$ cat query33.txt   # compact mmCIF, C-alpha atoms and all ligand atoms
# COMPACT_ATOMS: atom_id res chain seq x y z
CA MET A 3 250.36 227.38 243.90
CA TYR A 4 246.74 227.15 242.83
CA ILE A 5 244.29 225.45 245.21
CA SER A 6 240.88 224.84 243.66
CA PRO A 7 237.59 225.15 245.61
CA THR A 8 237.35 221.33 245.51
CA MET A 9 240.75 220.98 247.16
CA LYS A 10 239.88 223.64 249.72
CA LYS A 11 236.71 221.74 250.55
CA LEU A 12 238.72 218.56 251.13
CA ASN A 13 241.53 220.44 252.91
CA LYS A 14 244.10 219.19 250.41
CA TYR A 15 247.24 220.79 249.00
CA SER A 16 248.28 217.99 246.68
CA ILE A 17 246.70 215.10 244.84
CA ARG A 18 247.89 211.59 245.56
CA VAL A 19 248.08 208.94 242.88
CA THR A 20 245.92 206.77 245.13
CA ASP A 21 243.24 209.52 244.94
CA ILE A 22 243.15 209.12 241.17
CA ALA A 23 242.92 205.34 241.49
CA SER A 24 240.12 205.70 244.09
CA GLN A 25 238.17 207.91 241.69
CA TYR A 26 237.88 204.83 239.48
CA TRP A 27 236.35 202.78 242.29
CA CYS A 28 233.84 205.40 243.39
CA GLU A 29 234.70 209.08 243.15
CA LEU A 30 232.03 210.03 245.64
CA GLN A 31 233.41 207.53 248.16
CA MET A 32 236.88 209.05 247.76
CA GLU A 33 235.44 212.50 248.48
CA LEU A 34 233.47 211.26 251.50
CA ASN A 35 236.60 209.63 252.88
CA TYR A 36 238.26 213.05 252.94
CA LEU A 37 235.22 214.78 254.37
CA TYR A 38 234.41 212.26 257.09
CA GLY A 39 237.83 210.79 257.81
CA GLN A 40 239.44 207.57 256.75
CA LYS A 41 239.95 205.43 259.81
CA LEU A 42 243.12 203.36 260.10
CA THR A 43 241.53 199.92 259.95
CA SER A 44 243.34 196.83 261.18
CA GLN A 45 243.52 195.73 257.53
CA ILE A 46 245.28 198.96 256.44
CA SER A 47 247.57 198.71 259.44
CA ALA A 48 248.51 195.07 258.67
CA GLY A 49 249.17 196.03 255.04
CA LYS A 50 251.48 198.85 256.17
CA THR A 51 253.41 196.51 258.47
CA LEU A 52 254.00 194.11 255.58
CA HIS A 53 255.20 196.98 253.34
CA ASP A 54 257.56 198.12 256.12
CA ASP A 55 258.90 194.57 256.52
CA LEU A 56 259.61 194.33 252.78
CA GLU A 57 261.39 197.70 252.84
CA ASN A 58 263.46 196.80 255.91
CA LYS A 59 264.75 193.67 254.17
CA ILE A 60 266.79 195.81 251.79
CA SER A 61 267.42 199.01 253.75
CA VAL A 62 268.13 200.04 257.32
CA PRO A 63 265.17 201.93 258.90
CA LEU A 64 265.92 205.64 259.25
CA ILE A 65 265.14 206.82 262.79
CA LEU A 66 264.45 210.52 262.36
CA GLN A 67 261.67 212.59 263.85
CA PRO A 68 260.72 215.49 261.57
CA LYS A 69 259.49 218.63 263.33
CA ASN A 70 258.18 220.57 260.35
CA TYR A 71 257.35 220.08 256.67
CA ALA A 72 260.94 220.76 255.51
CA ASP A 73 262.22 218.07 257.92
CA TYR A 74 259.59 215.66 256.66
CA LEU A 75 260.54 216.28 253.00
CA PHE A 76 264.24 215.92 253.83
CA LYS A 77 263.69 212.60 255.57
CA ASP A 78 261.77 211.20 252.61
CA PHE A 79 264.28 212.49 250.04
CA TYR A 80 267.17 211.07 252.04
CA LYS A 81 265.50 207.66 252.31
CA CYS A 82 264.73 207.59 248.58
CA TYR A 83 268.20 208.85 247.68
CA THR A 84 269.95 206.13 249.70
CA ALA A 85 267.58 203.46 248.29
CA LEU A 86 268.32 204.58 244.71
CA ASN A 87 272.04 204.74 245.51
CA SER A 88 271.90 201.03 246.32
CA LEU A 89 269.73 200.06 243.35
CA ASP A 90 272.65 198.71 241.30
CA LYS A 91 273.91 196.65 244.23
CA ASN A 92 270.58 195.42 245.65
CA LYS A 93 268.82 195.22 242.26
CA LYS A 94 265.82 196.64 244.13
CA ALA A 95 264.76 199.94 245.67
CA ARG A 96 261.55 200.19 247.69
CA GLU A 97 259.09 202.95 248.59
CA ILE A 98 260.33 205.58 246.16
CA THR A 99 258.36 208.84 246.22
CA LEU A 100 257.48 210.31 242.84
CA TYR A 101 256.62 213.95 242.23
CA GLY A 102 254.84 215.59 239.34
CA THR A 103 251.95 217.82 238.40
CA LEU A 104 248.35 217.29 237.47
CA ASN A 105 247.73 220.43 235.45
CA SER A 106 248.87 223.02 237.99
CA PHE A 107 248.28 220.83 241.06
CA LYS A 108 250.97 218.97 242.95
CA LEU A 109 250.85 215.25 242.23
CA ILE A 110 252.58 212.80 244.53
CA GLY A 111 252.85 209.03 244.80
CA LYS A 112 255.05 206.27 246.14
CA ILE A 113 255.98 203.29 244.00
CA ASP A 114 256.50 200.12 246.03
CA GLN A 115 259.44 198.68 244.14
CA LEU A 116 261.87 199.43 241.33
CA GLU A 117 263.73 196.33 240.23
CA LEU A 118 266.60 195.79 237.82
CA LYS A 119 266.09 192.72 235.70
CA ASN A 120 267.46 191.70 232.30
CA ASN A 121 268.83 195.18 231.69
CA SER A 122 265.42 196.81 232.33
CA THR A 123 263.99 198.76 235.24
CA LEU A 124 260.67 197.27 236.33
CA LEU A 125 257.89 198.91 238.35
CA ILE A 126 256.16 196.65 240.86
CA GLU A 127 253.21 197.60 243.05
CA ASP A 128 252.35 195.39 246.04
CA LYS A 129 248.82 195.02 247.35
CA THR A 130 248.05 193.09 250.49
CA ARG A 131 244.91 191.00 250.93
CA SER A 132 243.38 190.12 254.29
CA ASN A 133 241.89 186.92 252.85
CA GLY A 134 243.48 184.46 250.47
CA ASN A 135 241.30 185.56 247.55
CA VAL A 136 242.53 186.99 244.30
CA PRO A 137 240.98 190.48 243.78
CA SER A 138 238.05 191.16 241.48
CA GLU A 139 238.50 192.81 238.10
CA ALA A 140 237.10 196.11 239.48
CA GLN A 141 239.69 196.12 242.28
CA THR A 142 242.49 195.23 239.91
CA LEU A 143 241.49 198.10 237.59
CA THR A 144 242.06 200.74 240.29
CA HIS A 145 245.47 199.21 241.09
CA LYS A 146 246.42 199.12 237.40
CA ILE A 147 245.54 202.80 237.11
CA GLN A 148 247.71 203.55 240.11
CA ILE A 149 250.82 201.91 238.67
CA MET A 150 250.23 203.35 235.18
CA VAL A 151 250.19 206.87 236.65
CA TYR A 152 253.45 206.04 238.52
CA ARG A 153 254.94 204.89 235.21
CA LYS A 154 253.94 208.16 233.57
CA MET A 155 255.35 210.26 236.44
CA LEU A 156 258.66 208.39 236.42
CA GLY A 157 258.85 208.69 232.62
CA ASN A 158 258.30 212.46 232.96
CA ILE A 159 261.12 212.75 235.52
CA ILE A 160 263.52 210.73 233.35
CA SER A 161 262.66 212.76 230.23
CA LYS A 162 263.01 215.96 232.34
CA LYS A 163 259.42 217.04 231.65
CA PHE A 164 259.26 217.35 235.42
CA ASP A 165 262.70 218.15 236.80
CA TYR A 166 264.28 219.46 239.97
CA LYS A 167 263.72 223.07 238.94
CA ALA A 168 260.00 222.44 238.42
CA PHE A 169 259.84 220.70 241.80
CA LYS A 170 261.71 223.53 243.52
CA ASN A 171 259.28 226.13 242.16
CA LEU A 172 256.18 224.07 242.85
CA TYR A 173 257.16 223.42 246.47
CA SER A 174 258.69 226.90 247.08
CA LEU A 175 261.77 225.13 248.36
CA ASP A 176 263.64 228.39 249.04
CA ARG A 177 261.11 229.19 251.76
CA LEU A 178 261.51 225.89 253.61
CA GLN A 179 264.02 225.53 256.44
CA LEU A 180 265.13 222.48 258.43
CA THR A 181 264.65 222.85 262.19
CA GLN A 182 267.69 223.00 264.49
CA GLU A 183 266.37 219.99 266.37
CA PHE A 184 266.21 217.97 263.15
CA VAL A 185 269.74 219.04 262.14
CA ARG A 186 270.95 217.75 265.54
CA GLN A 187 269.31 214.41 264.72
CA LEU A 188 271.12 214.35 261.35
CA ASP A 189 274.43 215.04 263.12
CA ALA A 190 273.72 212.24 265.59
CA LEU A 191 273.27 209.84 262.66
CA ASN A 192 276.55 211.07 261.13
CA ILE A 193 274.82 212.21 257.96
CA GLU A 194 277.38 214.18 255.97
CA LYS A 195 277.22 217.95 256.56
CA ASP A 196 277.23 218.56 252.79
CA LEU A 197 273.98 216.64 252.48
CA GLN A 198 272.22 218.41 255.35
CA SER A 199 270.23 220.75 253.16
CA LEU A 200 266.82 220.17 251.65
CA ASP A 201 267.95 221.83 248.44
CA VAL A 202 271.00 219.57 248.13
CA ILE A 203 269.26 216.30 248.95
CA ALA A 204 266.29 217.06 246.66
CA GLY A 205 268.70 217.96 243.84
CA LYS A 206 270.66 214.72 244.34
CA PHE A 207 267.45 212.69 244.38
CA PHE A 208 266.25 214.19 241.08
CA ALA A 209 269.70 213.74 239.50
CA MET A 210 269.77 210.09 240.53
CA ILE A 211 266.21 209.14 239.65
CA SER A 212 266.45 210.81 236.23
CA GLU A 213 269.36 208.50 235.42
CA ILE A 214 267.22 205.38 235.62
CA LYS A 215 267.78 203.42 232.42
CA ASN A 216 265.52 201.31 230.23
CA LEU A 217 262.26 201.87 232.07
CA SER A 218 260.08 198.91 231.18
CA ASN A 219 256.62 199.26 229.67
CA ILE A 220 255.61 196.01 231.34
CA LEU A 221 254.10 196.76 234.74
CA TYR A 222 253.67 194.35 237.65
CA LEU A 223 250.94 194.14 240.27
CA ARG A 224 251.70 191.70 243.05
CA TYR A 225 249.00 190.55 245.49
CA ILE A 226 250.26 189.26 248.85
CA ASN A 227 248.41 187.48 251.65
CA GLN A 228 248.98 189.77 254.62
CA ASN A 229 248.69 186.91 257.13
CA THR A 230 251.24 184.59 255.53
CA GLY A 231 253.29 187.01 253.42
CA ASN A 232 252.87 184.61 250.47
CA GLU A 233 252.33 185.88 246.95
CA LEU A 234 248.76 185.23 245.79
CA LYS A 235 249.00 186.43 242.22
CA LEU A 236 251.31 188.44 239.98
CA PHE A 237 249.61 190.40 237.20
CA LYS A 238 251.74 191.58 234.30
CA PHE A 239 250.39 194.11 231.82
CA GLU A 240 251.54 196.70 229.32
CA TYR A 241 251.67 200.45 230.00
CA ASP A 242 249.21 202.39 227.85
CA GLU A 243 250.13 206.07 227.63
CA ASN A 244 246.92 207.12 225.84
CA TYR A 245 244.73 205.37 228.38
CA THR A 246 246.72 206.92 231.25
CA ASN A 247 246.27 210.37 229.71
CA SER A 248 242.52 209.79 229.45
CA VAL A 249 242.45 208.73 233.13
CA ILE A 250 244.25 211.92 234.11
CA ASP A 251 241.91 214.06 231.97
CA PHE A 252 238.90 212.49 233.66
CA SER A 253 240.40 212.89 237.11
CA VAL A 254 241.44 216.52 236.74
CA LYS A 255 237.92 217.69 235.83
CA TYR A 256 236.85 216.77 239.35
CA TRP A 257 239.83 218.48 241.01
CA ASN A 258 239.32 221.58 238.85
CA GLY A 259 235.76 221.78 240.05
CA GLU A 260 234.36 221.25 236.54
CA ARG A 261 232.08 218.55 237.91
CA LYS A 262 230.87 217.16 241.22
CA ALA A 263 231.99 213.78 242.56
CA ILE A 264 230.30 210.98 240.63
CA PRO A 265 228.72 208.02 242.48
CA VAL A 266 228.94 204.51 241.03
CA GLN A 267 226.75 203.73 238.05
CA GLU A 268 223.81 201.37 238.35
CA SER A 269 225.82 198.45 236.94
CA GLU A 270 228.31 198.87 239.80
CA LYS A 271 225.96 199.55 242.70
CA TRP A 272 227.10 196.26 244.25
CA LYS A 273 230.07 198.32 245.49
CA CYS A 274 227.68 200.20 247.81
CA SER A 275 227.19 197.13 250.00
CA LEU A 276 230.94 197.32 250.74
CA CYS A 277 230.86 201.05 251.50
CA LYS A 278 230.77 202.49 255.03
CA PHE A 279 228.87 205.58 253.81
CA PHE A 280 226.00 203.58 252.33
CA GLY A 281 222.64 204.62 253.78
CA LYS A 282 224.33 207.33 255.89
CA GLU A 283 226.30 210.06 254.12
CA CYS A 284 225.41 208.55 250.72
CA LYS A 285 221.88 207.47 249.77
CA VAL A 286 222.28 207.47 245.98
CA TRP A 287 221.43 203.77 245.73
CA TRP A 288 219.82 203.42 249.15
CA ASN A 289 216.36 201.95 249.27
CA ASP A 290 214.81 203.39 252.47
CA GLY A 291 214.56 200.83 255.23
CA ASN A 292 216.22 198.17 253.15
CA SER A 293 219.45 197.80 251.23
CA ILE A 294 220.29 198.45 247.58
CA LYS A 295 217.60 199.99 245.32
S1 LIG B 301 227.34 204.20 248.81
FE1 LIG B 301 227.90 203.61 246.71
S2 LIG B 301 227.70 205.46 245.47
FE2 LIG B 301 227.72 206.07 247.62
S3 LIG B 301 229.83 206.55 248.08
FE3 LIG B 301 229.56 204.44 248.64
S4 LIG B 301 230.11 203.24 246.83
FE4 LIG B 301 229.81 205.36 246.18
$ encode --input "query33.txt" --output "structure tokens"
Amino acid sequence: MYISPTMKKLNKYSIRVTDIASQYWCELQMELNYLYGQKLTSQISAGKTLHDDLENKISVPLILQPKNYADYLFKDFYKCYTALNSLDKNKKAREITLYGTLNSFKLIGKIDQLELKNNSTLLIEDKTRSNGNVPSEAQTLTHKIQIMVYRKMLGNIISKKFDYKAFKNLYSLDRLQLTQEFVRQLDALNIEKDLQSLDVIAGKFFAMISEIKNLSNILYLRYINQNTGNELKLFKFEYDENYTNSVIDFSVKYWNGERKAIPVQESEKWKCSLCKFFGKECKVWWNDGNSIK
């Protein structure tokens, strides 16, 4: 697997869909977050709790403690497999991991919700807000990009452009082995012996997800107040394949090392006043001794 100098610099082996979305807020900020560490803020933590609560409403939490990367992948595949297995019954499946490639890089993301409605499969992305305000257009844009890339990845899996074989090669699955300790945990949970193989569970996941029918081109972004759990706003918009491809083309030039991380343009320098790197690691729009240039 190819790792570019940019990925080496950021100590990354795969690109997350949220990285691509963050590039559209401020690419330089995304890079600085990797270089100087993204702290788990109370806001992120509250958002995660709400996501967990939503997931636990439709599935039983899986208490497994992975010991290595193979264990970790198994746990996630098993969770996603059982969620998809119940999609027909529950009409919903939450926190489904999607795999794909960005040129030759690994691309990974997690869609918040698949929902069956009126004979279509809908994609819904939840965003939590610490205040009761509806997000700005600039914030909504990054979230729209995120869900459009999920839509493209899922479409590629369904059309077999990215299938189990491609995944297996990309992740060198043959070289990964579950730990004995983890297998004991699987036995304790009475997980069928036939399923206790990363190869088997990954294959079953890809077989099941590629059978998703009537994937909708209407995408949903749902904003939720993290204090009350109430829905603030539901945006509905149409998937645009050409636009998504242009987003990916823009994004990959950075990961390939064809260009350096771009700071915000002058018209968007208001974002700097919200940025923790402003005036410290980043002085692009810093007016010495004062605030924004
Ligand atoms: S200070 Fe502004 S330009 Fe610099 S990283 Fe932050 S948002 Fe981007």
$ residues_near_ligand --input "query33.txt" --ligand "ligand LIG 301 (chain B)" --cutoff "12 Å" --atoms "all atoms listed in the file" --output "ChimeraX atom specification"
/A:24-38,263-289,293-295
$ closest_residue --input "query33.txt" --among "A:Glu240, A:Gln141, A:Leu116, A:Val254" --to "Ala85 in chain A" --atoms "all atoms listed in the file"
A:Leu116
$ closest_residue --input "query33.txt" --among "A:Phe252, A:Tyr245, A:Tyr15, A:Tyr173" --to "Ala204 in chain A" --atoms "only C-alpha atoms"
A:Tyr173
$ residues_around --input "query33.txt" --residues "Leu89 in chain A" --least-positions-apart "6" --cutoff "8 Å" --atoms "only C-alpha atoms" --output "list in words"
Ala95, Glu117 and Leu118 of chain A
$ residues_around --input "query33.txt" --residues "Arg18 in chain A" --least-positions-apart "5" --cutoff "8 Å" --atoms "only C-alpha atoms" --output "number ranges by chain"
A: 109-111
$ atom_distance --input "query33.txt" --atom1 "CA of Gln148 in chain A" --atom2 "CA of Thr84 in chain A"
24.4 Å
$ closest_residue --input "query33.txt" --among "A:Lys238, A:Arg224, A:Lys262, A:Lys167" --to "Gln115 in chain A" --atoms "all atoms listed in the file"
A:Arg224
$ closest_residue --input "query33.txt" --among "A:Gly157, A:Gly102, A:Pro68, A:Gly259" --to "Asn171 in chain A" --atoms "all atoms listed in the file"
A:Gly102
$ atom_distance --input "query33.txt" --atom1 "CA of Leu200 in chain A" --atom2 "CA of Thr99 in chain A"
15.1 Å
$ closest_residue --input "query33.txt" --among "A:Thr181, A:Ser174, A:Ser138, A:Asn87" --to "Asp201 in chain A" --atoms "all atoms listed in the file"
A:Ser174
$ residues_around --input "query33.txt" --residues "Glu127 in chain A" --least-positions-apart "6" --cutoff "7 Å" --atoms "all atoms listed in the file" --output "short mmCIF file (atom, residue, chain, number, x, y, z; two decimals) with C-alpha atoms, in the coordinates of the input"
data_model
loop_
_atom_site.label_atom_id
_atom_site.label_comp_id
_atom_site.auth_asym_id
_atom_site.auth_seq_id
_atom_site.Cartn_x
_atom_site.Cartn_y
_atom_site.Cartn_z
CA ILE A 113 255.98 203.29 244.00
CA ASP A 114 256.50 200.12 246.03
CA GLN A 115 259.44 198.68 244.14
CA ILE A 149 250.82 201.91 238.67
CA TYR A 222 253.67 194.35 237.65
CA LEU A 223 250.94 194.14 240.27
CA ARG A 224 251.70 191.70 243.05
#
$ residues_around --input "query33.txt" --residues "Phe237 in chain A" --least-positions-apart "5" --cutoff "12 Å" --atoms "all atoms listed in the file" --output "MDAnalysis selection string"
chainID A and resid 125:129 136:137 139 142:143 145:146 149 220:226
$ atom_distance --input "query33.txt" --atom1 "CA of Asp78 in chain A" --atom2 "CA of Asp176 in chain A"
17.7 Å
$ closest_residue --input "query33.txt" --among "A:Ser122, A:Asp189, A:Glu183, A:Ser212" --to "Lys162 in chain A" --atoms "only C-alpha atoms"
A:Ser212
